[in-house]
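*Asks:* My structure is in upload_18.txt, and what it holds is compact mmCIF, C-alpha atoms:
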```txt
# COMPACT_ATOMS: atom_id res chain seq x y z
CA MET M 23 158.30 254.56 -28.46
CA PRO M 24 157.12 251.25 -26.98
CA GLN M 25 154.61 253.17 -24.85
CA LEU M 26 152.52 253.93 -27.91
CA ASP M 27 152.27 250.33 -29.12
CA ILE M 28 148.52 249.87 -28.79
CA ALA M 29 148.82 246.10 -29.00
CA THR M 30 150.50 246.06 -25.57
CA PHE M 31 147.71 248.03 -23.89
CA ALA M 32 145.33 245.15 -23.33
CA PRO M 33 147.71 242.87 -21.39
CA GLN M 34 149.01 245.78 -19.35
CA LEU M 35 145.52 246.95 -18.43
CA VAL M 36 144.37 243.46 -17.59
CA TRP M 37 147.33 242.77 -15.35
CA LEU M 38 147.17 246.19 -13.80
CA ALA M 39 143.54 245.53 -12.93
CA ILE M 40 144.32 242.08 -11.55
CA THR M 41 147.29 243.16 -9.44
CA PHE M 42 145.76 246.43 -8.28
CA ILE M 43 142.46 244.89 -7.25
CA PHE M 44 144.23 242.02 -5.54
CA LEU M 45 146.43 244.48 -3.67
CA TYR M 46 143.44 246.62 -2.74
CA ILE M 47 141.62 243.63 -1.28
CA VAL M 48 144.63 242.36 0.64
CA LEU M 49 145.44 245.79 2.04
CA SER M 50 141.90 246.84 2.88
CA LYS M 51 140.88 243.53 4.40
CA VAL M 52 144.05 242.35 6.12
CA ALA M 53 147.05 244.62 6.23
CA LEU M 54 145.65 248.09 6.90
CA PRO M 55 143.16 247.11 9.63
CA ARG M 56 146.04 245.37 11.37
CA VAL M 57 148.25 248.44 11.22
CA GLY M 58 145.35 250.57 12.35
CA GLU M 59 144.69 248.26 15.26
CA VAL M 60 148.30 248.28 16.37
CA LEU M 61 148.45 252.06 16.15
CA GLU M 62 145.21 252.45 18.03
CA GLU M 63 146.34 249.99 20.66
CA ARG M 64 149.53 251.95 21.12
CA GLN M 65 147.62 255.22 21.28
CA GLN M 66 145.32 253.69 23.86
CA ARG M 67 148.25 252.36 25.82
CA ILE M 68 150.02 255.71 25.78
CA ALA M 69 146.85 257.49 26.84
CA ASP M 70 146.35 254.96 29.63
CA ASP M 71 149.92 255.31 30.77
CA LEU M 72 149.63 259.08 30.76
CA ASP M 73 146.42 258.85 32.74
CA GLN M 74 148.06 256.60 35.25
CA ALA M 75 151.08 258.84 35.50
CA GLU M 76 148.75 261.77 36.07
CA LYS M 77 146.94 259.83 38.76
CA LEU M 78 150.16 258.78 40.45
CA LYS M 79 151.39 262.33 40.31
CA SER M 80 148.27 263.68 41.93
CA ASP M 81 148.48 260.89 44.50
CA SER M 82 152.03 261.76 45.36
CA GLU M 83 151.14 265.42 45.52
CA LYS M 84 148.32 264.63 47.88
CA ALA M 85 150.64 262.49 50.00
CA LEU M 86 153.12 265.34 50.11
CA ALA M 87 150.40 267.80 51.13
CA ASP M 88 149.23 265.37 53.81
CA TYR M 89 152.76 264.95 55.06
CA GLU M 90 153.28 268.67 55.22
CA ALA M 91 150.00 269.20 56.99
CA ALA M 92 150.97 266.51 59.50
CA LEU M 93 154.34 268.11 59.93
CA ASP M 94 152.76 271.52 60.49
CA GLU M 95 150.37 270.08 62.98
CA ALA M 96 153.14 268.31 64.84
CA ARG M 97 155.17 271.48 64.86
CA SER M 98 152.34 273.58 66.21
CA LYS M 99 151.57 270.90 68.77
CA ALA M 100 155.17 270.85 69.83
CA HIS M 101 155.08 274.63 70.15
CA ALA M 102 151.94 274.43 72.23
CA ILE M 103 153.46 271.78 74.48
CA ALA M 104 156.63 273.80 74.87
CA ALA M 105 154.66 276.94 75.69
CA ASP M 106 152.50 275.00 78.12
CA MET M 107 155.49 273.52 79.81
CA HIS M 108 157.16 276.88 80.01
CA GLU M 109 154.12 278.42 81.60
CA LYS M 110 153.75 275.60 84.02
CA LEU M 111 157.36 275.75 85.02
CA ALA M 112 157.15 279.50 85.42
CA ALA M 113 154.06 279.11 87.58
CA ASP M 114 155.78 276.44 89.65
CA ALA M 115 158.82 278.60 90.06
CA ALA M 116 156.72 281.59 91.05
CA GLU M 117 154.84 279.51 93.57
CA ARG M 118 158.03 278.12 95.01
CA LYS M 119 159.51 281.59 95.15
CA ALA M 120 156.45 282.93 96.90
CA GLU M 121 156.59 280.07 99.37
CA VAL M 122 160.23 280.59 100.04
CA ASP M 123 159.73 284.34 100.31
CA ALA M 124 156.94 283.84 102.78
CA GLU M 125 159.04 281.44 104.77
CA LEU M 126 161.97 283.79 104.73
CA ASN M 127 159.77 286.70 105.72
CA ALA M 128 158.37 284.70 108.57
CA LYS M 129 161.84 283.74 109.68
CA ALA M 130 163.03 287.32 109.40
CA GLN M 131 160.11 288.55 111.43
CA GLU M 132 160.71 285.91 114.01
CA ALA M 133 164.34 286.83 114.14
CA GLU M 134 163.50 290.49 114.45
CA ALA M 135 161.06 289.69 117.20
CA ARG M 136 163.73 287.68 118.92
CA ILE M 137 166.24 290.46 118.51
CA ALA M 138 163.71 292.96 119.86
CA ALA M 139 162.97 290.71 122.80
CA ALA M 140 166.65 290.23 123.45
CA ARG M 141 167.18 293.95 123.29
CA GLU M 142 164.26 294.56 125.56
CA ASP M 143 165.69 291.98 127.87
CA ALA M 144 169.10 293.50 127.66
CA MET M 145 167.73 296.97 128.21
CA SER M 146 165.83 295.85 131.26
CA HIS M 147 169.02 294.46 132.75
CA VAL M 148 170.97 297.69 132.04
CA ARG M 149 169.39 299.48 135.00
CA GLU M 150 170.14 296.69 137.38
CA ILE M 151 173.73 296.46 136.16
CA ALA M 152 174.05 300.23 136.32
CA VAL M 153 172.70 300.27 139.84
CA ASP M 154 175.06 297.41 140.79
CA VAL M 155 178.04 299.08 139.18
CA ALA M 156 177.14 302.46 140.61
CA SER M 157 176.69 301.11 144.10
CA GLY M 158 179.92 299.14 143.73
CA VAL M 159 181.80 302.23 142.58
CA VAL M 160 180.22 304.45 145.21
CA GLY M 161 180.91 301.84 147.91
CA LYS M 162 184.53 301.61 146.82
CA LEU M 163 184.92 305.38 146.73
CA LEU M 164 183.16 306.14 149.99
CA ASN M 165 184.19 302.97 151.64
CA SER M 166 180.75 302.58 153.05
CA GLU M 167 177.51 300.93 152.25
CA PRO M 168 175.81 303.36 149.85
CA ASP M 169 172.16 304.14 149.90
CA SER M 170 170.88 301.83 147.16
CA ALA M 171 167.55 303.61 146.90
CA ALA M 172 169.23 306.93 146.20
CA ILE M 173 171.52 305.45 143.64
CA ALA M 174 168.61 303.80 141.87
CA ARG M 175 166.79 307.12 141.87
CA ALA M 176 169.81 308.89 140.46
CA ILE M 177 170.28 306.33 137.71
CA ASP M 178 166.63 306.40 136.78
CA ALA M 179 166.82 310.11 136.54
CA GLU M 180 170.01 309.87 134.49
CA MET M 181 168.59 307.22 132.15
CA SER M 182 165.39 309.01 131.48
CA GLY M 183 167.17 312.35 131.10
CA GLY M 184 170.30 311.21 129.22
CA LYS M 185 168.51 309.31 126.58
CA MET T 18 152.57 239.52 -32.53
CA GLU T 19 156.25 240.29 -32.84
CA ARG T 20 157.73 242.12 -29.88
CA THR T 21 161.33 241.02 -30.06
CA ALA T 22 163.59 243.83 -31.18
CA ASN T 23 166.69 243.54 -33.26
CA VAL T 24 170.15 244.29 -31.87
CA ALA T 25 170.20 247.93 -32.95
CA GLU T 26 166.92 248.62 -31.20
CA LYS T 27 168.10 246.72 -28.14
CA SER T 28 170.80 249.27 -27.47
CA SER T 29 168.38 252.16 -27.93
CA PRO T 30 167.58 254.05 -24.71
CA LEU T 31 163.94 253.23 -25.26
CA ALA T 32 164.51 249.49 -25.48
CA GLN T 33 164.11 249.26 -21.71
CA PHE T 34 160.43 250.15 -22.12
CA ASP T 35 159.71 247.25 -24.47
CA ILE T 36 156.87 245.01 -23.48
CA LYS T 37 157.99 241.41 -23.80
CA THR T 38 155.52 238.60 -23.66
CA LEU T 39 156.61 235.95 -21.22
CA ILE T 40 153.55 233.69 -21.33
CA GLU T 41 151.15 234.21 -24.14
CA ILE T 42 147.51 234.04 -23.04
CA TRP T 43 144.46 234.88 -25.12
CA ILE T 44 141.01 234.93 -23.59
CA GLY T 45 138.03 235.65 -25.84
CA GLY T 46 140.16 237.32 -28.45
CA VAL T 47 141.76 239.61 -25.86
CA ASP T 48 145.50 239.50 -25.33
CA VAL T 49 145.98 238.93 -21.58
CA SER T 50 149.54 237.65 -21.96
CA PHE T 51 151.75 237.64 -18.94
CA THR T 52 154.39 240.18 -19.93
CA ASN T 53 157.47 241.59 -18.25
CA SER T 54 155.27 244.50 -17.17
CA ALA T 55 152.80 242.09 -15.56
CA ALA T 56 155.70 240.27 -13.91
CA TRP T 57 156.90 243.46 -12.25
CA MET T 58 153.36 244.41 -11.21
CA VAL T 59 153.05 241.01 -9.57
CA THR T 60 156.47 241.48 -7.98
CA ALA T 61 155.40 244.83 -6.58
CA VAL T 62 152.16 243.41 -5.21
CA VAL T 63 153.94 240.43 -3.66
CA LEU T 64 156.55 242.68 -2.06
CA ILE T 65 153.93 245.13 -0.78
CA THR T 66 151.83 242.32 0.64
CA ALA T 67 154.86 240.76 2.30
CA PHE T 68 156.02 244.10 3.60
CA MET T 69 152.65 245.19 4.99
CA THR T 70 151.75 241.85 6.56
CA LEU T 71 155.08 240.41 7.69
CA SER T 72 156.28 243.65 9.19
CA MET T 73 153.13 243.87 11.31
CA ARG T 74 153.21 240.20 12.26
CA GLY T 75 154.70 240.94 15.67
CA ARG T 76 152.09 243.64 16.43
CA ALA T 77 154.76 245.00 18.69
CA MET T 78 153.92 247.77 21.11
CA VAL T 79 157.37 249.15 20.42
CA PRO T 80 157.83 248.72 16.67
CA GLY T 81 160.92 247.29 15.05
CA ARG T 82 162.52 248.67 11.91
CA MET T 83 160.13 247.18 9.35
CA GLN T 84 157.06 247.77 11.45
CA SER T 85 158.10 251.39 11.89
CA ILE T 86 158.29 251.85 8.13
CA ALA T 87 154.91 250.22 7.60
CA GLU T 88 153.38 252.41 10.31
CA LEU T 89 155.09 255.44 8.87
CA CYS T 90 153.51 254.77 5.46
CA TYR T 91 150.14 254.22 7.07
CA GLU T 92 150.26 257.42 9.09
CA PHE T 93 151.69 259.37 6.17
CA ILE T 94 148.71 258.53 3.99
CA ALA T 95 146.26 258.82 6.86
CA ASN T 96 147.52 262.33 7.64
CA MET T 97 147.49 263.26 3.98
CA LEU T 98 143.89 262.17 3.79
CA THR T 99 142.75 264.05 6.90
CA GLU T 100 144.62 267.19 5.92
CA ASN T 101 143.63 267.31 2.26
CA VAL T 102 140.28 265.59 2.12
CA GLY T 103 138.96 266.40 5.55
CA SER T 104 135.71 264.91 6.78
CA GLY T 105 134.35 261.90 4.96
CA GLY T 106 137.70 260.98 3.48
CA ARG T 107 138.33 258.12 5.86
CA GLN T 108 136.47 255.49 3.86
CA TYR T 109 138.69 256.06 0.81
CA PHE T 110 141.83 255.45 2.82
CA PRO T 111 142.42 251.87 1.59
CA PHE T 112 142.17 252.96 -2.03
CA ILE T 113 144.44 255.98 -1.61
CA PHE T 114 146.91 253.86 0.32
CA THR T 115 146.88 251.15 -2.36
CA LEU T 116 147.40 253.78 -5.02
CA PHE T 117 150.32 255.32 -3.19
CA ILE T 118 152.14 252.15 -2.26
CA PHE T 119 151.58 250.54 -5.66
CA ILE T 120 153.04 253.52 -7.50
CA LEU T 121 155.81 253.87 -4.94
CA PHE T 122 156.90 250.25 -5.26
CA SER T 123 156.59 250.29 -9.05
CA ASN T 124 158.75 253.42 -9.24
CA LEU T 125 161.34 252.09 -6.82
CA LEU T 126 161.49 248.63 -8.39
CA GLY T 127 162.15 250.39 -11.67
CA MET T 128 165.35 251.72 -10.16
CA LEU T 129 166.80 248.21 -9.94
CA PRO T 130 169.17 247.44 -12.82
CA TYR T 131 167.59 245.29 -15.57
CA SER T 132 164.16 245.78 -14.05
CA PHE T 133 161.10 247.18 -15.78
CA THR T 134 159.24 250.27 -14.66
CA THR T 135 155.54 249.60 -14.98
CA THR T 136 154.70 253.25 -14.32
CA SER T 137 156.79 254.36 -17.31
CA HIS T 138 153.93 253.31 -19.56
CA ILE T 139 151.30 255.92 -20.24
CA ILE T 140 148.55 253.33 -20.44
CA VAL T 141 149.22 252.17 -16.88
CA THR T 142 149.36 255.63 -15.36
CA PHE T 143 146.40 256.76 -17.44
CA ALA T 144 144.35 253.79 -16.27
CA MET T 145 145.01 254.70 -12.66
CA ALA T 146 144.37 258.40 -13.25
CA PHE T 147 141.21 257.58 -15.15
CA VAL T 148 139.92 255.38 -12.33
CA VAL T 149 140.59 258.24 -9.92
CA PHE T 150 138.86 260.71 -12.25
CA ILE T 151 135.78 258.55 -12.80
CA GLY T 152 135.62 257.57 -9.15
CA VAL T 153 135.89 261.16 -7.99
CA THR T 154 133.21 262.28 -10.44
CA ILE T 155 130.83 259.52 -9.33
CA ILE T 156 131.48 260.29 -5.67
CA GLY T 157 130.95 264.00 -6.34
CA PHE T 158 127.53 263.47 -7.91
CA ALA T 159 126.54 260.77 -5.43
CA LYS T 160 127.35 262.93 -2.40
CA ASN T 161 126.21 266.31 -3.68
CA GLY T 162 123.86 265.59 -6.58
CA ALA T 163 123.66 268.54 -8.93
CA GLY T 164 125.40 270.59 -6.23
CA PHE T 165 128.62 269.04 -7.47
CA LEU T 166 128.38 271.40 -10.46
CA ARG T 167 129.16 274.27 -8.08
CA LEU T 168 132.73 273.06 -8.47
CA PHE T 169 132.79 274.72 -11.87
CA VAL T 170 131.43 278.03 -10.59
CA PRO T 171 133.99 279.88 -8.50
CA SER T 172 132.28 281.86 -5.76
CA GLY T 173 132.72 285.61 -5.36
CA VAL T 174 133.38 286.22 -9.04
CA PRO T 175 131.46 288.80 -11.12
CA PRO T 176 128.91 287.12 -13.47
CA VAL T 177 130.67 288.50 -16.53
CA LEU T 178 133.85 286.73 -15.62
CA LEU T 179 131.93 283.52 -15.03
CA LEU T 180 131.34 283.28 -18.76
CA LEU T 181 135.07 282.96 -19.08
CA LEU T 182 135.87 281.05 -15.91
CA VAL T 183 133.28 278.27 -16.10
CA PRO T 184 134.61 276.87 -19.40
CA ILE T 185 138.15 277.07 -18.01
CA GLU T 186 137.10 275.22 -14.86
CA ILE T 187 135.37 272.56 -16.93
CA ILE T 188 138.34 272.10 -19.22
CA SER T 189 140.75 271.94 -16.31
CA TYR T 190 138.54 269.33 -14.70
CA PHE T 191 138.60 267.10 -17.75
CA VAL T 192 142.32 267.59 -18.22
CA ARG T 193 142.97 266.20 -14.75
CA PRO T 194 143.34 262.51 -15.71
CA ILE T 195 145.67 263.45 -18.56
CA SER T 196 147.90 265.74 -16.49
CA LEU T 197 147.91 263.27 -13.62
CA SER T 198 148.93 260.34 -15.81
CA VAL T 199 151.35 262.20 -18.08
CA ARG T 200 153.17 263.71 -15.10
CA LEU T 201 153.99 260.32 -13.63
CA PHE T 202 154.67 258.57 -16.93
CA ALA T 203 156.87 261.37 -18.31
CA ASN T 204 158.89 261.65 -15.13
CA MET T 205 159.55 257.94 -15.04
CA MET T 206 160.29 257.62 -18.71
CA ALA T 207 162.51 260.69 -18.92
CA GLY T 208 164.57 259.68 -15.93
CA HIS T 209 165.14 256.15 -17.12
CA THR T 210 165.90 257.26 -20.66
CA MET T 211 168.42 259.77 -19.39
CA LEU T 212 170.11 257.13 -17.23
CA LYS T 213 170.32 254.85 -20.26
CA VAL T 214 171.68 257.59 -22.51
CA PHE T 215 174.43 258.47 -20.06
CA GLY T 216 175.07 254.79 -19.51
CA GLY T 217 175.71 254.60 -23.23
CA PHE T 218 178.15 257.52 -22.93
CA VAL T 219 180.10 255.66 -20.28
CA VAL T 220 180.53 252.74 -22.64
CA SER T 221 181.35 254.81 -25.75
CA LEU T 222 183.78 257.19 -23.97
CA GLY T 223 185.68 254.27 -22.50
CA VAL T 224 188.07 254.18 -19.55
CA TRP T 225 189.61 257.64 -19.95
CA LEU T 226 186.56 259.83 -20.21
CA GLY T 227 183.82 257.47 -19.17
CA TRP T 228 184.05 258.37 -15.49
CA ALA T 229 182.47 261.79 -16.08
CA PRO T 230 179.08 260.48 -17.27
CA LEU T 231 179.44 257.73 -14.68
CA LEU T 232 179.61 260.28 -11.88
CA PHE T 233 176.64 261.99 -13.44
CA ILE T 234 174.74 258.71 -13.44
CA VAL T 235 175.49 258.22 -9.75
CA ALA T 236 174.06 261.64 -8.95
CA LEU T 237 171.15 261.11 -11.32
CA THR T 238 170.32 257.78 -9.72
CA GLY T 239 169.97 259.53 -6.38
CA LEU T 240 167.76 262.12 -8.00
CA GLU T 241 165.70 259.44 -9.69
CA ILE T 242 165.04 257.69 -6.39
CA GLY T 243 163.89 261.05 -5.07
CA ILE T 244 161.65 261.48 -8.08
CA ALA T 245 160.28 257.96 -7.62
CA LEU T 246 159.21 258.90 -4.10
CA LEU T 247 158.04 262.36 -5.05
CA GLN T 248 155.92 261.28 -8.01
CA ALA T 249 154.18 258.64 -5.94
CA TYR T 250 153.47 261.37 -3.41
CA VAL T 251 152.30 263.85 -6.05
CA PHE T 252 149.97 261.37 -7.70
CA THR T 253 148.46 260.49 -4.34
CA ILE T 254 148.09 264.00 -3.02
CA LEU T 255 146.46 265.18 -6.24
CA SER T 256 144.04 262.29 -5.99
CA CYS T 257 143.33 263.45 -2.45
CA LEU T 258 142.70 266.99 -3.64
CA TYR T 259 140.33 265.76 -6.34
CA LEU T 260 138.57 263.70 -3.71
CA HIS T 261 138.31 266.80 -1.57
CA ASP T 262 136.67 268.63 -4.47
CA ALA T 263 134.20 265.79 -4.86
CA LEU T 264 133.28 265.76 -1.17
CA HIS T 265 133.30 269.51 -0.63
CA PRO T 266 132.52 271.28 -3.92
CA GLY T 267 132.11 275.04 -4.00
CA HIS T 268 135.58 276.39 -3.34
```
Turn this file's structure into structure tokens for me.

*Replies:*
Amino acid sequence: MPQLDIATFAPQLVWLAITFIFLYIVLSKVALPRVGEVLEERQQRIADDLDQAEKLKSDSEKALADYEAALDEARSKAHAIAADMHEKLAADAAERKAEVDAELNAKAQEAEARIAAAREDAMSHVREIAVDVASGVVGKLLNSEPDSAAIARAIDAEMSGGK
Amino acid sequence: MERTANVAEKSSPLAQFDIKTLIEIWIGGVDVSFTNSAAWMVTAVVLITAFMTLSMRGRAMVPGRMQSIAELCYEFIANMLTENVGSGGRQYFPFIFTLFIFILFSNLLGMLPYSFTTTSHIIVTFAMAFVVFIGVTIIGFAKNGAGFLRLFVPSGVPPVLLLLLVPIEIISYFVRPISLSVRLFANMMAGHTMLKVFGGFVVSLGVWLGWAPLLFIVALTGLEIGIALLQAYVFTILSCLYLHDALHPGH
């Protein structure tokens, strides 16, 4: 077995030591710190990016909340305005109605007064007409001038009694 | 020193583990020759260095293919360390990472045809395991002082049993470098030997029957790549567990 040839041990050990120590120095001084740096940088970068994403997310959430608050406010304002307007219009309408009602009432009363006056007027003329008609009829029937005073008395009596 | 094998040995399944001197170097009576093993160690180190530096050259925020793999390796070991070692393990990360990627590349390079698997030599794996063992022991005493000895005394055990358990704990502690190194070496060597043996069957059985061992080799190659990854992982995670013991003794 060549592995047990003691004469070959010395060169193998010497070259193992040389190559291994050389490799150790190169790796520990140059290669590994570089890899470590790159990995750390990447880790840092990823952490930063995640932080930023988190920040942006919270920003957007805040913006959304703001927007919704604004929307709510606008909605409630719109409701208030609508309610206000409604009330105002109702009040206006009621006022107008009251005005018109009052006007109409006044007109109706006036009309009634006029009607009453006209009736009064008419009623006051009834006696005269009755007296005229009665004296005309009596005159025609008797062919003489009737006694107007008597006729008037008779009609008065009739009117006050017949009513 | 004669390391060239004759033709009969060349076809042996173990010939692939031969150490061949490429450039002979002697310093102070010590053989420091540049061998095929050393060549593949250097190859592994060059490839790892290229992989870990060139892939990260872009320092891209969104990684490309190579950068993803490099980052994956980094995070894999980093997670292993935090999960198995816990607090205080961070400073050993470069060592654990070097250990893992060196073994991983050595194992995987060994899967290339005509290549040499440096981790199939017990002396290489033992050296690494021994460094881990010594390092962990030093760290254990440096961080905890004599408190590190609590590691050998399981808590909540009747004193009578301790007489039995403490020697077992001590033995198991000292066996660690051996089990750690033999596990990796044996896995690598067995797999490669088996591939070679079945490769020999393909040749000797010829066109008519050779396809059966060939199919087996295809499946085995897949398995071996899995083992190459797994053994690198096992070696590393056990080192992490030993490190955990050193930093937090007292079960």

*Asks:* Compute the set of chain T residues within 8 Å of chain M, using all atoms listed in the file, and express it as an MDAnalysis selection string.

*Replies:* chainID T and resid 31:32 34:36 47:52 54:55 58:59 62 66 69:70 73 76:78 87:88 91 111:112 115 119 137:141 144

*Asks:* Counting all atoms listed in the file, which of T:Ala146, T:Arg74, T:Glu241, T:Arg107 gets nearest to Met205 in chain T?

*Replies:*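 Nearest candidate to Met205 in chain T out of T:Ala146, T:Arg74, T:Glu241, T:Arg107: T:Glu241.
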
*Asks:* Could you check which of T:Leu247, T:Asn96, T:Leu166, T:Phe215 is closest to Leu232 in chain T, using only C-alpha atoms?

*Replies:*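 Looking only at the distances to Leu232 in chain T, the closest residue turns out to be T:Phe215.
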
*Asks:* Provide the CA of Phe165 in chain T to CA of Pro266 in chain T distance in Å, to one decimal place.

*Replies:*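 One can read the CA of Phe165 in chain T to CA of Pro266 in chain T distance as 5.7 Å.
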
*Asks:* For range 67-86 of chain M, I'd like the enclosing box, axis-aligned and padded by 5 Å on every side, reported as lines of an AutoDock Vina configuration file with centre and edge lengths in Å to one decimal.

*Replies:*
```
center_x = 149.7
center_y = 258.9
center_z = 37.9
size_x = 16.8
size_y = 23.1
size_z = 34.3
```

*Asks:* Can you tell me which residues surround Phe218 in chain T at a distance of at most 7 Å, considering all atoms listed in the file, apart from same-chain residues fewer than 3 positions away, and format the answer as a PyMOL selection string?

*Replies:* chain T and resi 214-215+221-222+227+230

*Asks:* Find the residues around Phe110 in chain T up to 8 Å (all atoms listed in the file counted), leave out those fewer than 2 positions away in its own chain, and share them as number ranges by chain.

*Replies:* T: 94-95, 98, 106-108, 112-114

*Asks:* Hey, what's within 12 Å of Glu167 in chain M if we count all atoms listed in the file and toss same-chain stuff fewer than 5 positions away? As a VMD selection string, please?

*Replies:* chain M and resid 156 to 162 172 to 173

*Asks:* Need the shell around Ser189 in chain T: protein/DNA/RNA residues with any atom at most 12 Å away, counting all atoms listed in the file. Skip same-chain ones fewer than 6 positions apart. Format as a list in words?

*Replies:* Leu168, Phe169, Leu182, Val183, Ile195, Ser196, Leu197 and Tyr259 of chain T
